[in-house]
>>> print(open('protein_14.txt').read())   # compact mmCIF, C-alpha atoms
# COMPACT_ATOMS: atom_id res chain seq x y z
CA MET A 23 1.31 14.27 -32.93
CA THR A 24 -0.89 17.14 -34.04
CA THR A 25 -1.67 18.01 -37.65
CA GLU A 26 -3.78 20.62 -39.42
CA HIS A 27 -6.85 19.14 -41.05
CA GLY A 28 -8.89 21.62 -42.99
CA PRO A 29 -9.58 25.24 -42.01
CA GLY A 30 -9.65 25.66 -38.24
CA MET A 31 -9.47 21.90 -37.51
CA VAL A 32 -6.74 19.97 -35.73
CA ARG A 33 -6.24 16.19 -35.70
CA GLU A 34 -4.42 14.60 -32.81
CA ASN A 35 -3.72 10.96 -32.02
CA MET A 36 -5.29 10.04 -28.70
CA ILE A 37 -5.79 6.94 -26.58
CA VAL A 38 -9.42 6.61 -25.53
CA GLU A 39 -10.49 4.85 -22.34
CA TYR A 40 -14.09 3.94 -21.51
CA PRO A 41 -16.06 1.15 -19.78
CA ALA A 42 -16.45 -2.09 -21.73
CA ASP A 43 -20.26 -2.03 -21.53
CA THR A 44 -20.43 1.29 -23.40
CA ARG A 45 -19.44 2.62 -26.84
CA LEU A 46 -18.40 5.95 -28.28
CA SER A 47 -21.15 8.06 -29.85
CA GLN A 48 -21.15 8.60 -33.59
CA SER A 49 -20.39 12.12 -34.70
CA SER A 50 -23.44 13.97 -35.99
CA THR A 51 -21.34 16.27 -38.18
CA THR A 52 -18.47 14.09 -39.47
CA PRO A 53 -19.31 10.83 -41.26
CA GLY A 54 -17.41 7.90 -39.71
CA GLY A 55 -16.24 10.05 -36.81
CA ARG A 56 -16.77 9.41 -33.11
CA ASN A 57 -16.94 11.78 -30.17
CA GLY A 58 -16.19 11.46 -26.46
CA LEU A 59 -19.78 10.81 -25.38
CA LEU A 60 -20.56 7.28 -24.25
CA ARG A 61 -23.72 5.38 -25.05
CA ASP A 62 -25.12 2.23 -23.45
CA GLU A 63 -26.71 -0.69 -25.32
CA ASP A 64 -30.06 1.19 -25.44
CA ASN A 65 -28.30 4.23 -26.99
CA HIS A 66 -28.82 6.31 -23.83
CA LEU A 67 -26.12 8.76 -22.81
CA ALA A 68 -23.88 6.96 -20.29
CA GLY A 69 -21.07 9.45 -19.66
CA HIS A 70 -17.81 10.66 -21.18
CA SER A 71 -14.69 8.84 -22.26
CA VAL A 72 -11.22 9.77 -21.02
CA LEU A 73 -8.66 10.86 -23.63
CA TYR A 74 -4.90 10.53 -23.21
CA PRO A 75 -2.28 11.98 -25.56
CA ALA A 76 -0.79 9.20 -27.68
CA ASP A 77 2.81 10.07 -26.80
CA ASP A 78 5.60 7.66 -27.57
CA ASP A 79 6.08 7.20 -23.82
CA LEU A 80 2.48 6.10 -23.25
CA LEU A 81 1.95 2.34 -23.30
CA THR A 82 -0.85 0.83 -25.34
CA ARG A 83 -3.41 -1.26 -23.45
CA ALA A 84 -1.82 -4.48 -24.76
CA GLU A 85 1.64 -3.34 -23.63
CA ALA A 86 0.32 -2.34 -20.19
CA ASP A 87 -1.48 -5.69 -19.81
CA ALA A 88 1.66 -7.60 -20.84
CA LEU A 89 3.72 -5.63 -18.33
CA ALA A 90 1.20 -6.31 -15.55
CA ASP A 91 1.20 -10.04 -16.42
CA ALA A 92 5.02 -10.08 -16.25
CA ARG A 93 4.90 -8.45 -12.82
CA VAL A 94 2.44 -11.06 -11.57
CA ARG A 95 4.61 -13.90 -12.92
CA LEU A 96 7.65 -12.36 -11.26
CA THR A 97 5.80 -12.15 -7.97
CA GLN A 98 4.73 -15.80 -8.24
CA ALA A 99 8.31 -16.85 -9.05
CA GLU A 100 9.56 -14.92 -6.03
CA ALA A 101 6.93 -16.57 -3.83
CA GLU A 102 7.98 -20.02 -5.05
CA ALA A 103 11.65 -19.20 -4.37
CA MET A 104 10.79 -18.00 -0.86
CA LEU A 105 8.82 -21.19 -0.20
CA LYS A 106 11.80 -23.31 -1.29
CA LEU A 107 14.10 -21.27 0.93
CA ALA A 108 11.75 -21.62 3.93
CA THR A 109 11.49 -25.38 3.35
CA ALA A 110 15.29 -25.71 3.20
CA GLY A 111 15.60 -23.63 6.40
CA ALA A 112 13.08 -25.80 8.22
CA ALA A 113 14.88 -28.96 7.08
CA ALA A 114 18.24 -27.57 8.28
CA ALA A 115 16.73 -26.66 11.65
CA GLY A 116 15.31 -30.18 11.95
CA ILE A 117 18.72 -31.69 11.26
CA VAL A 118 20.37 -29.48 13.90
CA VAL A 119 17.76 -30.37 16.53
CA THR A 120 18.06 -34.08 15.71
CA ALA A 121 21.87 -33.97 15.94
CA ALA A 122 21.68 -32.18 19.30
CA ALA A 123 19.20 -34.75 20.62
CA VAL A 124 21.40 -37.66 19.50
CA LYS A 125 24.47 -36.09 21.13
CA ALA A 126 22.61 -35.41 24.39
CA ALA A 127 20.88 -38.81 24.57
CA PRO A 128 23.64 -40.64 26.52
CA TYR A 129 23.67 -37.95 29.21
CA VAL A 130 19.90 -37.88 29.47
CA ARG A 131 19.77 -41.67 29.91
CA LYS A 132 22.26 -41.50 32.79
CA GLY A 133 20.21 -38.83 34.52
CA GLY A 134 22.78 -36.07 34.46
CA ALA A 135 24.17 -33.33 32.34
CA GLY A 136 27.71 -34.70 32.10
CA LYS A 137 30.26 -37.25 33.21
CA ASN A 138 30.87 -35.57 36.57
CA ALA A 139 27.18 -35.43 37.35
CA VAL A 140 26.72 -39.18 36.94
CA MET A 141 27.11 -41.10 40.19
CA SER A 142 28.07 -44.64 40.19
CA ARG A 143 25.95 -47.19 42.04
CA LYS A 144 28.57 -47.42 44.75
CA GLN A 145 28.40 -43.65 45.45
CA ARG A 146 24.61 -43.67 45.89
>>> encode(input="protein_14.txt", output="structure tokens")
Amino acid sequence: MTTEHGPGMVRENMIVEYPADTRLSQSSTTPGGRNGLLRDEDNHLAGHSVLYPADDDLLTRAEADALADARVRLTQAEAEAMLKLATAGAAAAGIVVTAAAVKAAPYVRKGGAGKNAVMSRKQR
């Protein structure tokens, strides 16, 4: 949103981004105003801030952080669901292998793969 503010001046809402260990410089011409120059704790020039138009579509920092947190939680929830699914799959595979071993045990004890392969003592 842009508005006229005095002769030849325009005011526009902006989102300002700059490193946490710096601060915006105070305006030398407008009391209470700030400009895009960055200063460090010793008041030395440290760079320039980045300005973004404050459109309705642009998220505030708090909104962006909340959205990022929600994405992380979603990813953790998905990981937990995948772990549960993998555990259930491993348990099912274990049951199948155990059942197959129990079913095959009588044939293994007799030394053959089936009834026809087992020789009686008289045939040996």
>>> atom_distance(input="protein_14.txt", atom1="CA of Ala42 (chain A)", atom2="CA of Arg56 (chain A)")
16.2 Å
>>> residues_around(input="protein_14.txt", residues="His66 (chain A)", least_positions_apart="3", cutoff="12 Å", atoms="all atoms listed in the file", output="list in words")
Thr44, Arg45, Leu46, Ser47, Leu59, Leu60, Arg61, Asp62, Glu63 and Gly69 of chain A
>>> atom_distance(input="protein_14.txt", atom1="CA of Met36 (chain A)", atom2="CA of Tyr74 (chain A)")
5.5 Å
>>> atom_distance(input="protein_14.txt", atom1="CA of Glu34 (chain A)", atom2="CA of Pro53 (chain A)")
17.5 Å
>>> closest_residue(input="protein_14.txt", among="A:Ala92, A:Ile37, A:Val32, A:Ala112", to="Val72 (chain A)", atoms="all atoms listed in the file")
A:Ile37
>>> decode(input="protein_14.txt", residues="region 38-140 of chain A", atoms="C-alpha atoms", output="short mmCIF file (atom, residue, chain, number, x, y, z; two decimals), in the first residue's frame")
data_model
loop_
_atom_site.label_atom_id
_atom_site.label_comp_id
_atom_site.auth_asym_id
_atom_site.auth_seq_id
_atom_site.Cartn_x
_atom_site.Cartn_y
_atom_site.Cartn_z
CA VAL A 38 12.54 -5.49 6.41
CA GLU A 39 15.00 -8.38 6.73
CA TYR A 40 18.45 -8.07 8.29
CA PRO A 41 20.86 -10.14 10.43
CA ALA A 42 20.01 -10.43 14.12
CA ASP A 43 23.38 -9.04 15.25
CA THR A 44 22.76 -5.73 13.46
CA ARG A 45 20.23 -2.88 13.65
CA LEU A 46 18.78 -0.35 11.24
CA SER A 47 20.46 3.07 11.16
CA GLN A 48 18.57 6.07 12.46
CA SER A 49 17.55 8.58 9.84
CA SER A 50 19.61 11.76 9.95
CA THR A 51 16.82 13.83 8.38
CA THR A 52 13.58 12.39 9.81
CA PRO A 53 13.19 12.15 13.59
CA GLY A 54 12.19 8.61 14.64
CA GLY A 55 12.80 7.29 11.13
CA ARG A 56 15.11 4.47 10.11
CA ASN A 57 16.91 3.76 6.85
CA GLY A 58 18.15 0.61 5.14
CA LEU A 59 21.74 0.87 6.36
CA LEU A 60 22.79 -1.65 8.99
CA ARG A 61 24.97 -0.91 11.98
CA ASP A 62 26.81 -3.32 14.29
CA GLU A 63 27.04 -3.00 18.07
CA ASP A 64 29.96 -0.53 17.71
CA ASN A 65 27.84 1.63 15.36
CA HIS A 66 30.01 0.74 12.36
CA LEU A 67 28.37 0.34 8.97
CA ALA A 68 27.64 -3.38 8.52
CA GLY A 69 25.70 -3.52 5.24
CA HIS A 70 22.20 -3.01 3.87
CA SER A 71 18.86 -4.50 4.82
CA VAL A 72 16.58 -6.23 2.32
CA LEU A 73 13.12 -4.73 1.79
CA TYR A 74 10.09 -6.70 0.61
CA PRO A 75 6.72 -5.21 -0.36
CA ALA A 76 4.20 -5.86 2.40
CA ASP A 77 1.62 -7.41 0.08
CA ASP A 78 -1.31 -9.32 1.48
CA ASP A 79 0.18 -12.48 -0.05
CA LEU A 80 3.49 -12.10 1.79
CA LEU A 81 3.71 -14.00 5.07
CA THR A 82 4.97 -12.29 8.20
CA ARG A 83 8.01 -13.84 9.88
CA ALA A 84 5.79 -15.36 12.60
CA GLU A 85 3.47 -16.89 9.98
CA ALA A 86 6.42 -18.27 8.00
CA ASP A 87 7.96 -19.76 11.17
CA ALA A 88 4.64 -21.34 12.16
CA LEU A 89 4.28 -22.83 8.69
CA ALA A 90 7.82 -24.23 8.80
CA ASP A 91 7.16 -25.74 12.25
CA ALA A 92 3.97 -27.38 10.93
CA ARG A 93 5.93 -28.88 8.04
CA VAL A 94 8.53 -30.30 10.42
CA ARG A 95 5.82 -31.80 12.65
CA LEU A 96 4.14 -33.32 9.59
CA THR A 97 7.43 -34.84 8.51
CA GLN A 98 7.99 -36.31 11.98
CA ALA A 99 4.46 -37.73 12.02
CA GLU A 100 5.05 -39.29 8.61
CA ALA A 101 8.33 -40.79 9.82
CA GLU A 102 6.60 -42.29 12.86
CA ALA A 103 3.86 -43.76 10.65
CA MET A 104 6.46 -45.26 8.32
CA LEU A 105 8.31 -46.79 11.28
CA LYS A 106 5.08 -48.38 12.53
CA LEU A 107 4.36 -49.72 9.05
CA ALA A 108 7.89 -51.16 8.73
CA THR A 109 7.60 -52.79 12.17
CA ALA A 110 4.25 -54.36 11.24
CA GLY A 111 5.74 -55.60 7.94
CA ALA A 112 8.71 -57.16 9.71
CA ALA A 113 6.40 -58.86 12.23
CA ALA A 114 4.22 -60.25 9.41
CA ALA A 115 7.30 -61.56 7.59
CA GLY A 116 8.47 -63.23 10.81
CA ILE A 117 5.10 -64.93 11.23
CA VAL A 118 5.17 -66.23 7.64
CA VAL A 119 8.70 -67.61 8.02
CA THR A 120 7.81 -69.24 11.34
CA ALA A 121 4.67 -70.85 9.86
CA ALA A 122 6.66 -72.18 6.90
CA ALA A 123 9.31 -73.62 9.22
CA VAL A 124 6.69 -75.34 11.39
CA LYS A 125 4.98 -76.82 8.31
CA ALA A 126 8.29 -78.05 6.86
CA ALA A 127 9.66 -79.44 10.14
CA PRO A 128 8.20 -82.98 9.81
CA TYR A 129 9.71 -83.39 6.34
CA VAL A 130 13.07 -82.06 7.42
CA ARG A 131 13.19 -84.49 10.37
CA LYS A 132 12.55 -87.44 8.05
CA GLY A 133 15.34 -86.36 5.74
CA GLY A 134 13.27 -85.75 2.65
CA ALA A 135 11.15 -83.21 0.93
CA GLY A 136 7.91 -85.21 0.98
CA LYS A 137 6.15 -88.47 1.70
CA ASN A 138 7.45 -90.17 -1.45
CA ALA A 139 11.02 -89.21 -0.69
CA VAL A 140 10.99 -90.87 2.73
#
